[in-house]
Amino acid sequence: MVRPVQVPPDLGHPLRGSAPGHLDLANDLSGAAEMYRKHREAIQDDKRNFRSEDEQDAAALAAQILRLLGATATPEQTLWKGYQARTAKLLFRHYDEAVRVGRFLFYYDDPEGRFPNLYTATRATPTPSRTEKKLDASPVKPEAVTVDPPVGIA
């Protein structure tokens, strides 16, 4: 009698079905390589389906896909990400100071319109420009037309 094999929950992950796409494929390959590492002693005796190089191939292919998709950060990207974070912090701090001064100086002349909150200004829906005419969706009333009767008919 054949005893059923207990499959750990993470071992069946790539087989459960997932969303299509290259990023998902890279994640599945990484998961497969990790499962090879964790469960090597349980699967290495399978002469039909086990190949010792599959773990390295899966990890290498996952890394290549992620690199080509731009999902991994290079040292230069990491450096610029740090610059961006520091710049945003300085921008928010000094913008708030400038807003306070501007709203004080233009207290009677629409201070919130001139110096909006940075968060709400970036989240606001764009308004149509002043040069665009708003289309009128109301029904058009037909004009009365006078018609002269044809000559010779009385």
# chains A, B, ... in the order shown; residues from 1 in each chain; ligands from 1
call {"tool": "residues_around", "arguments": {"residues": "Ala71 (chain A)", "least_positions_apart": "3", "cutoff": "12 Å", "atoms": "only C-alpha atoms", "output": "PyMOL selection string"}}
result
chain A and resi 22-24+26-27+62-68+74+77
call {"tool": "write_last_selection", "arguments": {"atoms": "all heavy atoms", "output": "mmCIF file, in the first residue's frame"}}
result
data_model
loop_
_atom_site.group_PDB
_atom_site.id
_atom_site.type_symbol
_atom_site.label_atom_id
_atom_site.label_comp_id
_atom_site.auth_asym_id
_atom_site.auth_seq_id
_atom_site.Cartn_x
_atom_site.Cartn_y
_atom_site.Cartn_z
ATOM 1 N N HIS A 22 5.507 38.869 -15.750
ATOM 2 C CA HIS A 22 6.927 38.601 -15.564
ATOM 3 C C HIS A 22 7.349 38.729 -14.107
ATOM 4 O O HIS A 22 8.157 37.942 -13.619
ATOM 5 C CB HIS A 22 7.747 39.553 -16.438
ATOM 6 C CG HIS A 22 7.539 39.308 -17.895
ATOM 7 N ND1 HIS A 22 6.629 40.022 -18.608
ATOM 8 C CD2 HIS A 22 8.104 38.422 -18.739
ATOM 9 C CE1 HIS A 22 6.642 39.598 -19.861
ATOM 10 N NE2 HIS A 22 7.514 38.629 -19.965
ATOM 11 N N LEU A 23 6.813 39.710 -13.408
ATOM 12 C CA LEU A 23 7.168 39.882 -12.002
ATOM 13 C C LEU A 23 6.703 38.688 -11.176
ATOM 14 O O LEU A 23 7.426 38.199 -10.310
ATOM 15 C CB LEU A 23 6.568 41.177 -11.459
ATOM 16 C CG LEU A 23 6.985 41.575 -10.061
ATOM 17 C CD1 LEU A 23 8.496 41.734 -9.963
ATOM 18 C CD2 LEU A 23 6.308 42.874 -9.665
ATOM 19 N N ASP A 24 5.512 38.195 -11.483
ATOM 20 C CA ASP A 24 5.007 37.033 -10.776
ATOM 21 C C ASP A 24 5.849 35.798 -11.101
ATOM 22 O O ASP A 24 6.118 34.975 -10.223
ATOM 23 C CB ASP A 24 3.546 36.790 -11.139
ATOM 24 C CG ASP A 24 2.924 35.747 -10.249
ATOM 25 O OD1 ASP A 24 2.889 35.974 -9.020
ATOM 26 O OD2 ASP A 24 2.494 34.707 -10.768
ATOM 27 N N ALA A 26 9.032 35.803 -11.820
ATOM 28 C CA ALA A 26 10.271 35.951 -11.063
ATOM 29 C C ALA A 26 10.057 35.585 -9.598
ATOM 30 O O ALA A 26 10.899 34.905 -8.994
ATOM 31 C CB ALA A 26 10.787 37.388 -11.181
ATOM 32 N N ASN A 27 8.925 35.988 -9.022
ATOM 33 C CA ASN A 27 8.631 35.624 -7.643
ATOM 34 C C ASN A 27 8.450 34.121 -7.490
ATOM 35 O O ASN A 27 8.905 33.526 -6.510
ATOM 36 C CB ASN A 27 7.378 36.358 -7.152
ATOM 37 C CG ASN A 27 7.621 37.826 -6.966
ATOM 38 O OD1 ASN A 27 8.745 38.250 -6.730
ATOM 39 N ND2 ASN A 27 6.571 38.613 -7.095
ATOM 40 N N ALA A 62 15.360 34.227 -11.898
ATOM 41 C CA ALA A 62 14.570 35.209 -11.147
ATOM 42 C C ALA A 62 15.330 36.522 -11.028
ATOM 43 O O ALA A 62 14.767 37.600 -11.228
ATOM 44 C CB ALA A 62 14.227 34.662 -9.769
ATOM 45 N N ALA A 63 16.612 36.441 -10.711
ATOM 46 C CA ALA A 63 17.421 37.660 -10.589
ATOM 47 C C ALA A 63 17.517 38.392 -11.921
ATOM 48 O O ALA A 63 17.447 39.621 -11.972
ATOM 49 C CB ALA A 63 18.811 37.302 -10.077
ATOM 50 N N GLN A 64 17.664 37.641 -13.020
ATOM 51 C CA GLN A 64 17.767 38.267 -14.340
ATOM 52 C C GLN A 64 16.455 38.954 -14.715
ATOM 53 O O GLN A 64 16.461 40.079 -15.234
ATOM 54 C CB GLN A 64 18.139 37.230 -15.390
ATOM 55 C CG GLN A 64 18.324 37.822 -16.769
ATOM 56 C CD GLN A 64 18.690 36.769 -17.805
ATOM 57 O OE1 GLN A 64 18.672 35.580 -17.534
ATOM 58 N NE2 GLN A 64 19.016 37.223 -18.994
ATOM 59 N N ILE A 65 15.322 38.299 -14.460
ATOM 60 C CA ILE A 65 14.029 38.909 -14.780
ATOM 61 C C ILE A 65 13.830 40.191 -13.972
ATOM 62 O O ILE A 65 13.433 41.227 -14.504
ATOM 63 C CB ILE A 65 12.880 37.915 -14.514
ATOM 64 C CG1 ILE A 65 12.915 36.779 -15.535
ATOM 65 C CG2 ILE A 65 11.529 38.614 -14.561
ATOM 66 C CD1 ILE A 65 11.969 35.637 -15.220
ATOM 67 N N LEU A 66 14.123 40.133 -12.677
ATOM 68 C CA LEU A 66 13.964 41.320 -11.835
ATOM 69 C C LEU A 66 14.888 42.447 -12.278
ATOM 70 O O LEU A 66 14.504 43.619 -12.277
ATOM 71 C CB LEU A 66 14.217 40.964 -10.372
ATOM 72 C CG LEU A 66 13.162 40.073 -9.718
ATOM 73 C CD1 LEU A 66 13.599 39.654 -8.331
ATOM 74 C CD2 LEU A 66 11.822 40.769 -9.675
ATOM 75 N N ARG A 67 16.109 42.107 -12.679
ATOM 76 C CA ARG A 67 17.048 43.127 -13.142
ATOM 77 C C ARG A 67 16.544 43.758 -14.430
ATOM 78 O O ARG A 67 16.563 44.982 -14.590
ATOM 79 C CB ARG A 67 18.431 42.505 -13.355
ATOM 80 C CG ARG A 67 19.495 43.526 -13.764
ATOM 81 C CD ARG A 67 20.864 42.881 -13.961
ATOM 82 N NE ARG A 67 20.847 41.688 -14.778
ATOM 83 C CZ ARG A 67 20.792 41.688 -16.116
ATOM 84 N NH1 ARG A 67 20.730 42.814 -16.779
ATOM 85 N NH2 ARG A 67 20.787 40.557 -16.785
ATOM 86 N N LEU A 68 16.047 42.951 -15.368
ATOM 87 C CA LEU A 68 15.560 43.484 -16.644
ATOM 88 C C LEU A 68 14.281 44.303 -16.474
ATOM 89 O O LEU A 68 14.032 45.237 -17.236
ATOM 90 C CB LEU A 68 15.333 42.342 -17.638
ATOM 91 C CG LEU A 68 16.610 41.656 -18.129
ATOM 92 C CD1 LEU A 68 16.272 40.440 -18.976
ATOM 93 C CD2 LEU A 68 17.474 42.621 -18.920
ATOM 94 N N THR A 74 20.073 49.470 -8.339
ATOM 95 C CA THR A 74 21.525 49.524 -8.477
ATOM 96 C C THR A 74 22.049 50.447 -7.369
ATOM 97 O O THR A 74 21.280 51.192 -6.761
ATOM 98 C CB THR A 74 21.913 50.074 -9.857
ATOM 99 O OG1 THR A 74 21.446 51.426 -9.950
ATOM 100 C CG2 THR A 74 21.321 49.242 -10.982
ATOM 101 N N GLN A 77 20.944 53.939 -8.087
ATOM 102 C CA GLN A 77 19.533 54.182 -7.806
ATOM 103 C C GLN A 77 19.296 54.330 -6.306
ATOM 104 O O GLN A 77 18.494 55.162 -5.879
ATOM 105 C CB GLN A 77 18.683 53.037 -8.356
ATOM 106 C CG GLN A 77 18.588 53.026 -9.861
ATOM 107 C CD GLN A 77 17.908 51.768 -10.375
ATOM 108 O OE1 GLN A 77 17.996 50.707 -9.764
ATOM 109 N NE2 GLN A 77 17.251 51.888 -11.514
#
call {"tool": "residues_around", "arguments": {"residues": "Leu118 (chain A)", "least_positions_apart": "3", "cutoff": "9 Å", "atoms": "only C-alpha atoms", "output": "VMD selection string"}}
result
chain A and resid 92 95 to 96 115 121 to 123
call {"tool": "write_last_selection", "arguments": {"atoms": "all heavy atoms", "output": "PDB file, in the first residue's frame"}}
result
ATOM      1  N   PHE A  92       9.293  69.951   2.296  1.00  0.00           N
ATOM      2  CA  PHE A  92       8.107  70.069   3.139  1.00  0.00           C
ATOM      3  C   PHE A  92       8.340  71.040   4.290  1.00  0.00           C
ATOM      4  O   PHE A  92       7.482  71.848   4.618  1.00  0.00           O
ATOM      5  CB  PHE A  92       7.677  68.709   3.674  1.00  0.00           C
ATOM      6  CG  PHE A  92       7.149  67.792   2.612  1.00  0.00           C
ATOM      7  CD1 PHE A  92       7.548  66.468   2.565  1.00  0.00           C
ATOM      8  CD2 PHE A  92       6.272  68.244   1.645  1.00  0.00           C
ATOM      9  CE1 PHE A  92       7.070  65.621   1.579  1.00  0.00           C
ATOM     10  CE2 PHE A  92       5.786  67.412   0.655  1.00  0.00           C
ATOM     11  CZ  PHE A  92       6.179  66.094   0.628  1.00  0.00           C
ATOM     12  N   TYR A  95       8.685  74.666   2.710  1.00  0.00           N
ATOM     13  CA  TYR A  95       7.452  75.089   2.065  1.00  0.00           C
ATOM     14  C   TYR A  95       6.435  75.525   3.110  1.00  0.00           C
ATOM     15  O   TYR A  95       5.750  76.528   2.933  1.00  0.00           O
ATOM     16  CB  TYR A  95       6.879  73.975   1.186  1.00  0.00           C
ATOM     17  CG  TYR A  95       5.648  74.402   0.427  1.00  0.00           C
ATOM     18  CD1 TYR A  95       5.760  75.174  -0.726  1.00  0.00           C
ATOM     19  CD2 TYR A  95       4.375  74.060   0.860  1.00  0.00           C
ATOM     20  CE1 TYR A  95       4.636  75.586  -1.422  1.00  0.00           C
ATOM     21  CE2 TYR A  95       3.248  74.468   0.173  1.00  0.00           C
ATOM     22  CZ  TYR A  95       3.388  75.228  -0.967  1.00  0.00           C
ATOM     23  OH  TYR A  95       2.276  75.646  -1.649  1.00  0.00           O
ATOM     24  N   ASP A  96       6.344  74.780   4.208  1.00  0.00           N
ATOM     25  CA  ASP A  96       5.410  75.174   5.276  1.00  0.00           C
ATOM     26  C   ASP A  96       5.754  76.553   5.829  1.00  0.00           C
ATOM     27  O   ASP A  96       4.863  77.359   6.104  1.00  0.00           O
ATOM     28  CB  ASP A  96       5.412  74.136   6.398  1.00  0.00           C
ATOM     29  CG  ASP A  96       4.713  72.847   5.990  1.00  0.00           C
ATOM     30  OD1 ASP A  96       3.938  72.881   5.014  1.00  0.00           O
ATOM     31  OD2 ASP A  96       4.950  71.819   6.654  1.00  0.00           O
ATOM     32  N   PHE A 115      -1.321  80.267  -1.710  1.00  0.00           N
ATOM     33  CA  PHE A 115      -0.378  79.373  -1.030  1.00  0.00           C
ATOM     34  C   PHE A 115      -1.136  78.143  -0.526  1.00  0.00           C
ATOM     35  O   PHE A 115      -1.419  78.029   0.660  1.00  0.00           O
ATOM     36  CB  PHE A 115       0.306  80.102   0.137  1.00  0.00           C
ATOM     37  CG  PHE A 115       1.085  81.291  -0.302  1.00  0.00           C
ATOM     38  CD1 PHE A 115       0.520  82.556  -0.265  1.00  0.00           C
ATOM     39  CD2 PHE A 115       2.380  81.151  -0.767  1.00  0.00           C
ATOM     40  CE1 PHE A 115       1.237  83.661  -0.685  1.00  0.00           C
ATOM     41  CE2 PHE A 115       3.096  82.252  -1.183  1.00  0.00           C
ATOM     42  CZ  PHE A 115       2.528  83.512  -1.150  1.00  0.00           C
ATOM     43  N   ALA A 121      -2.846  70.335  -2.751  1.00  0.00           N
ATOM     44  CA  ALA A 121      -2.587  70.839  -4.103  1.00  0.00           C
ATOM     45  C   ALA A 121      -2.210  69.702  -5.047  1.00  0.00           C
ATOM     46  O   ALA A 121      -2.578  69.702  -6.223  1.00  0.00           O
ATOM     47  CB  ALA A 121      -1.477  71.880  -4.075  1.00  0.00           C
ATOM     48  N   THR A 122      -1.502  68.695  -4.541  1.00  0.00           N
ATOM     49  CA  THR A 122      -1.119  67.585  -5.410  1.00  0.00           C
ATOM     50  C   THR A 122      -2.246  66.585  -5.572  1.00  0.00           C
ATOM     51  O   THR A 122      -2.257  65.828  -6.530  1.00  0.00           O
ATOM     52  CB  THR A 122       0.118  66.849  -4.854  1.00  0.00           C
ATOM     53  OG1 THR A 122      -0.166  66.388  -3.535  1.00  0.00           O
ATOM     54  CG2 THR A 122       1.322  67.753  -4.840  1.00  0.00           C
ATOM     55  N   ARG A 123      -3.204  66.572  -4.656  1.00  0.00           N
ATOM     56  CA  ARG A 123      -4.313  65.623  -4.725  1.00  0.00           C
ATOM     57  C   ARG A 123      -5.551  66.208  -5.407  1.00  0.00           C
ATOM     58  O   ARG A 123      -6.487  65.500  -5.683  1.00  0.00           O
ATOM     59  CB  ARG A 123      -4.718  65.152  -3.326  1.00  0.00           C
ATOM     60  CG  ARG A 123      -3.629  64.470  -2.556  1.00  0.00           C
ATOM     61  CD  ARG A 123      -3.272  63.150  -3.214  1.00  0.00           C
ATOM     62  NE  ARG A 123      -2.395  62.352  -2.393  1.00  0.00           N
ATOM     63  CZ  ARG A 123      -1.100  62.205  -2.614  1.00  0.00           C
ATOM     64  NH1 ARG A 123      -0.529  62.822  -3.601  1.00  0.00           N
ATOM     65  NH2 ARG A 123      -0.378  61.430  -1.832  1.00  0.00           N
TER      66      ARG A 123
END
call {"tool": "atom_distance", "arguments": {"atom1": "CA of Pro111 (chain A)", "atom2": "CA of Ala98 (chain A)"}}
result
11.9 Å
call {"tool": "closest_residue", "arguments": {"among": "A:Pro142, A:Gly31, A:Gly113, A:Pro75", "to": "Ala58 (chain A)", "atoms": "only C-alpha atoms"}}
result
A:Gly31
